[in-house]
Amino acid sequence: MKLKSKSKKINKAWMVDHLNDTYVKLAKKEGYRARAAYKLKEIDEDLGLIKPGQLVVDLGATPGAWSQYVRRKFAVKDGSAKPAAMNGRIIALDLLDFEAIEGVEFIQGDFREESVLAALESLVGGREVDVVISDMAPNLSGIESSDAARIAHLVELAVEFAQNHLTASGALVCKLFHGSGYEEMTRLFKARFKVVKSMKPKASRDKSSETFLVGVGLKKHGALVDMRS
C-alpha cells in the first residue's frame, strides 16, 4: 500500500508540473498537439533547416507536433480565410496511430522492419529528401545497457536512412539521450556529416537527459548503406 501511495504522489506531482509547464500552455494556445513542437522550432530557428518547397521525413511522428510545425512552415499565405495551401511535402511514420494532418502523408509501422522501410522508400519515390527529423524513442526498460542499445539502434537506422536519401546539403535532426552510447552516436554523426551540433532546446525538461544531434551536409553523398545487415 505504501508503494501505491508513493506512486500516486509521484504521478500527481508530475501532472501538476505538466499542467503548469510553460510549453504545455503555449502548445494548447497555439494549437500544437505536444510541447515537443517547440524543441524542433528552436532547433530550426537556430540553424535554418526547414524551408518551403522541401521534402521532409518525420520519423517517430506521433502525436504529430513536429509535422504540424513543418506544415506551418510550408503554408502558403494568400490572405484568404480558407486553409493555407502547402508548398512542400511531409511524409510521417510511426508505429502508433496518427491523427491526420492536412497535407501530411502517413505510414503506420515499425521503422525497424524491412517492409515498412520499403513502403517509406516507395512513397519518397526516388526524390532526394531535404530534412529528416527523428523523435523516435524505444520503450525503456530501466536497464541502462539494454536501453542504450535500443536507442543506439534507432539512431543508427535514422542516420543510415539519411545517408541513403538526403540531398548533399540535407540535414538530420535526431533525438537521443546522454548516458551509455552517447559518445558513440556523436562519433557516428561526425563520420557521416560535415557539420554536427548537439542541442538541448529550452522546451526539453530540465530533468530529462534527452538531447538532439543535428547533422548537416553529407560527407559521402549517395553512398548507399545496407540498413538491415
# chains A, B, ... in the order shown; residues from 1 in each chain; ligands from 1
>>> residues_around(residues="Lys73 of chain A", least_positions_apart="4", cutoff="10 Å", atoms="only C-alpha atoms", output="list in words")
Lys41, Ile50, Lys51, Pro52, Gly53, Ser67, Gln68, Tyr69, Met86, Asn87 and Gly88 of chain A
>>> write_last_selection(atoms="N, CA and C atoms", output="mmCIF file, in the first residue's frame")
data_model
loop_
_atom_site.group_PDB
_atom_site.id
_atom_site.type_symbol
_atom_site.label_atom_id
_atom_site.label_comp_id
_atom_site.auth_asym_id
_atom_site.auth_seq_id
_atom_site.Cartn_x
_atom_site.Cartn_y
_atom_site.Cartn_z
ATOM 1 N N LYS A 41 11.155 23.751 -33.186
ATOM 2 C CA LYS A 41 11.111 25.176 -33.546
ATOM 3 C C LYS A 41 12.429 25.870 -33.175
ATOM 4 N N ILE A 50 14.503 24.186 -42.125
ATOM 5 C CA ILE A 50 13.259 23.873 -42.826
ATOM 6 C C ILE A 50 12.777 25.078 -43.623
ATOM 7 N N LYS A 51 12.602 24.842 -44.926
ATOM 8 C CA LYS A 51 12.208 25.919 -45.842
ATOM 9 C C LYS A 51 11.109 25.424 -46.771
ATOM 10 N N PRO A 52 10.218 26.322 -47.231
ATOM 11 C CA PRO A 52 9.163 25.929 -48.173
ATOM 12 C C PRO A 52 9.740 25.232 -49.400
ATOM 13 N N GLY A 53 8.987 24.266 -49.905
ATOM 14 C CA GLY A 53 9.387 23.545 -51.102
ATOM 15 C C GLY A 53 10.166 22.276 -50.841
ATOM 16 N N SER A 67 5.333 17.370 -37.246
ATOM 17 C CA SER A 67 4.715 17.514 -38.575
ATOM 18 C C SER A 67 3.877 18.784 -38.649
ATOM 19 N N GLN A 68 3.192 19.107 -37.562
ATOM 20 C CA GLN A 68 2.421 20.355 -37.516
ATOM 21 C C GLN A 68 3.334 21.562 -37.714
ATOM 22 N N TYR A 69 4.468 21.557 -37.031
ATOM 23 C CA TYR A 69 5.395 22.679 -37.151
ATOM 24 C C TYR A 69 5.881 22.833 -38.593
ATOM 25 N N MET A 86 -0.066 24.242 -49.297
ATOM 26 C CA MET A 86 1.234 23.856 -48.761
ATOM 27 C C MET A 86 2.273 23.795 -49.870
ATOM 28 N N ASN A 87 3.375 24.485 -49.677
ATOM 29 C CA ASN A 87 4.498 24.432 -50.604
ATOM 30 C C ASN A 87 5.568 23.552 -49.993
ATOM 31 N N GLY A 88 5.506 22.266 -50.286
ATOM 32 C CA GLY A 88 6.431 21.309 -49.713
ATOM 33 C C GLY A 88 5.725 19.984 -49.509
#
>>> closest_atom_pairs(of="segment 204-225 of chain A", to="segment 168-176 of chain A", cutoff="7 Å", atoms="only C-alpha atoms", output="tab-separated table")
residue	atom	partner	partner_atom	distance
A:Glu210	CA	A:Leu176	CA	5.7
A:Thr211	CA	A:Leu176	CA	5.6
A:Phe212	CA	A:Lys175	CA	4.5
A:Leu213	CA	A:Cys174	CA	5.4
A:Val214	CA	A:Val173	CA	4.6
A:Gly215	CA	A:Leu172	CA	5.2
A:Val216	CA	A:Ala171	CA	4.3
A:Gly217	CA	A:Ser169	CA	4.2
A:Leu218	CA	A:Ala168	CA	5.5
A:His221	CA	A:Ala168	CA	5.3
>>> write_last_selection(atoms="C-alpha atoms", output="mmCIF file, in the first residue's frame")
data_model
loop_
_atom_site.group_PDB
_atom_site.id
_atom_site.type_symbol
_atom_site.label_atom_id
_atom_site.label_comp_id
_atom_site.auth_asym_id
_atom_site.auth_seq_id
_atom_site.Cartn_x
_atom_site.Cartn_y
_atom_site.Cartn_z
ATOM 1 C CA GLU A 210 17.337 13.918 -23.860
ATOM 2 C CA THR A 211 19.338 15.917 -26.334
ATOM 3 C CA PHE A 212 19.302 16.338 -30.099
ATOM 4 C CA LEU A 213 22.100 15.759 -32.558
ATOM 5 C CA VAL A 214 21.887 17.677 -35.815
ATOM 6 C CA GLY A 215 23.965 16.661 -38.811
ATOM 7 C CA VAL A 216 24.141 18.904 -41.885
ATOM 8 C CA GLY A 217 25.793 18.090 -45.206
ATOM 9 C CA LEU A 218 26.679 14.504 -46.043
ATOM 10 C CA HIS A 221 26.584 11.886 -50.719
#
>>> select_by_dssp(residues="segment 24-206 of chain A", states="strand (DSSP E)", output="ChimeraX atom specification")
/A:55-59,75-76,85-86,89-94,104-108,129-134,166-177,193-199
>>> write_last_selection(atoms="N, CA and C atoms", output="compact mmCIF listing (two decimals), in the first residue's frame")
# COMPACT_ATOMS: atom_id res chain seq x y z
N LEU A 55 11.19 18.45 -49.13
CA LEU A 55 10.63 17.17 -48.74
C LEU A 55 11.21 16.84 -47.37
N VAL A 56 10.32 16.70 -46.38
CA VAL A 56 10.73 16.40 -45.01
C VAL A 56 10.14 15.06 -44.60
N VAL A 57 10.97 14.19 -44.03
CA VAL A 57 10.51 12.91 -43.49
C VAL A 57 10.56 12.98 -41.97
N ASP A 58 9.43 12.69 -41.33
CA ASP A 58 9.26 12.78 -39.88
C ASP A 58 9.16 11.37 -39.31
N LEU A 59 10.22 10.89 -38.67
CA LEU A 59 10.25 9.54 -38.09
C LEU A 59 9.87 9.61 -36.61
N ALA A 75 3.22 26.54 -45.16
CA ALA A 75 1.95 27.16 -45.51
C ALA A 75 2.14 28.32 -46.47
N VAL A 76 1.30 28.37 -47.49
CA VAL A 76 1.30 29.46 -48.46
C VAL A 76 0.24 30.46 -48.04
N ALA A 85 -2.71 26.60 -48.52
CA ALA A 85 -2.09 25.59 -49.35
C ALA A 85 -0.68 25.33 -48.83
N MET A 86 -0.07 24.24 -49.30
CA MET A 86 1.23 23.86 -48.76
C MET A 86 2.27 23.80 -49.87
N ARG A 89 6.48 19.00 -49.05
CA ARG A 89 5.90 17.67 -48.86
C ARG A 89 6.41 17.09 -47.55
N ILE A 90 5.49 16.48 -46.78
CA ILE A 90 5.83 15.89 -45.49
C ILE A 90 5.38 14.43 -45.49
N ILE A 91 6.30 13.53 -45.17
CA ILE A 91 5.97 12.12 -45.00
C ILE A 91 6.27 11.77 -43.55
N ALA A 92 5.25 11.30 -42.85
CA ALA A 92 5.38 10.96 -41.43
C ALA A 92 5.27 9.45 -41.24
N LEU A 93 5.98 8.94 -40.25
CA LEU A 93 5.96 7.50 -39.97
C LEU A 93 5.99 7.27 -38.47
N ASP A 94 5.17 6.32 -38.02
CA ASP A 94 5.21 5.95 -36.61
C ASP A 94 4.55 4.59 -36.43
N VAL A 104 -0.21 15.96 -44.88
CA VAL A 104 0.84 15.07 -44.39
C VAL A 104 0.52 13.63 -44.77
N GLU A 105 1.44 12.98 -45.45
CA GLU A 105 1.29 11.58 -45.82
C GLU A 105 1.83 10.72 -44.66
N PHE A 106 1.07 9.71 -44.27
CA PHE A 106 1.45 8.94 -43.09
C PHE A 106 1.54 7.45 -43.38
N ILE A 107 2.58 6.82 -42.84
CA ILE A 107 2.76 5.38 -42.87
C ILE A 107 2.79 4.88 -41.44
N GLN A 108 1.95 3.90 -41.12
CA GLN A 108 1.98 3.32 -39.78
C GLN A 108 2.75 2.01 -39.82
N VAL A 129 15.61 13.64 -50.18
CA VAL A 129 14.97 14.25 -49.02
C VAL A 129 15.82 15.42 -48.54
N ASP A 130 15.17 16.52 -48.18
CA ASP A 130 15.90 17.70 -47.70
C ASP A 130 16.22 17.63 -46.22
N VAL A 131 15.25 17.18 -45.41
CA VAL A 131 15.45 17.11 -43.97
C VAL A 131 14.77 15.85 -43.43
N VAL A 132 15.49 15.12 -42.58
CA VAL A 132 14.91 14.01 -41.82
C VAL A 132 14.87 14.44 -40.36
N ILE A 133 13.71 14.36 -39.75
CA ILE A 133 13.57 14.68 -38.32
C ILE A 133 13.13 13.42 -37.60
N SER A 134 13.84 13.04 -36.57
CA SER A 134 13.56 11.80 -35.87
C SER A 134 13.39 12.03 -34.38
N LEU A 166 19.19 11.63 -48.26
CA LEU A 166 19.30 13.08 -48.16
C LEU A 166 19.97 13.69 -49.40
N THR A 167 19.64 14.95 -49.64
CA THR A 167 20.40 15.74 -50.59
C THR A 167 21.81 15.96 -50.02
N ALA A 168 22.73 16.40 -50.87
CA ALA A 168 24.12 16.60 -50.43
C ALA A 168 24.20 17.58 -49.26
N SER A 169 23.33 18.58 -49.25
CA SER A 169 23.34 19.60 -48.20
C SER A 169 22.24 19.38 -47.16
N GLY A 170 21.61 18.20 -47.20
CA GLY A 170 20.48 17.91 -46.32
C GLY A 170 20.86 17.79 -44.85
N ALA A 171 19.83 17.66 -44.00
CA ALA A 171 20.06 17.64 -42.55
C ALA A 171 19.26 16.54 -41.87
N LEU A 172 19.82 16.04 -40.79
CA LEU A 172 19.15 15.07 -39.93
C LEU A 172 19.10 15.62 -38.52
N VAL A 173 17.89 15.64 -37.93
CA VAL A 173 17.71 16.01 -36.53
C VAL A 173 17.27 14.75 -35.80
N CYS A 174 18.03 14.33 -34.79
CA CYS A 174 17.77 13.04 -34.16
C CYS A 174 17.82 13.15 -32.64
N LYS A 175 16.79 12.60 -31.99
CA LYS A 175 16.76 12.60 -30.53
C LYS A 175 17.56 11.43 -29.98
N LEU A 176 18.32 11.70 -28.94
CA LEU A 176 18.96 10.63 -28.18
C LEU A 176 19.13 11.09 -26.74
N PHE A 177 19.78 10.28 -25.94
CA PHE A 177 19.86 10.57 -24.51
C PHE A 177 21.31 10.49 -24.05
N PHE A 193 28.49 13.36 -41.31
CA PHE A 193 28.07 14.73 -41.65
C PHE A 193 29.23 15.72 -41.52
N LYS A 194 29.19 16.74 -42.36
CA LYS A 194 30.23 17.78 -42.35
C LYS A 194 30.11 18.67 -41.12
N VAL A 195 28.87 18.98 -40.73
CA VAL A 195 28.63 19.83 -39.56
C VAL A 195 27.75 19.06 -38.58
N VAL A 196 28.17 18.99 -37.34
CA VAL A 196 27.40 18.29 -36.30
C VAL A 196 27.24 19.22 -35.10
N LYS A 197 26.02 19.31 -34.62
CA LYS A 197 25.76 20.17 -33.47
C LYS A 197 24.88 19.44 -32.47
N SER A 198 25.23 19.51 -31.20
CA SER A 198 24.43 18.93 -30.13
C SER A 198 23.61 20.05 -29.50
N MET A 199 22.30 19.83 -29.33
CA MET A 199 21.44 20.87 -28.82
C MET A 199 20.47 20.30 -27.78
>>> closest_residue(among="A:Ile43, A:Arg112, A:Phe74, A:Ala36", to="Phe161 of chain A", atoms="only C-alpha atoms")
A:Arg112
>>> atom_distance(atom1="atom CA of Glu183 of chain A", atom2="atom CA of Ser146 of chain A")
16.3 Å
>>> closest_residue(among="A:Asp21, A:Glu184, A:Glu156, A:Glu99", to="Arg35 of chain A", atoms="only C-alpha atoms")
A:Asp21
>>> atom_distance(atom1="atom CA of Tyr32 of chain A", atom2="atom CA of Glu45 of chain A")
17.2 Å
>>> closest_residue(among="A:His178, A:Ser208, A:Gln163, A:Asp135", to="Lys220 of chain A", atoms="only C-alpha atoms")
A:Gln163
>>> atom_distance(atom1="atom CA of Val124 of chain A", atom2="atom CA of His165 of chain A")
8.8 Å
>>> select_by_dssp(residues="segment 37-208 of chain A", states="helix (DSSP H, G or I)", output="PyMOL selection string")
chain A and resi 37-47+65-73+114-124+144-165+182-192
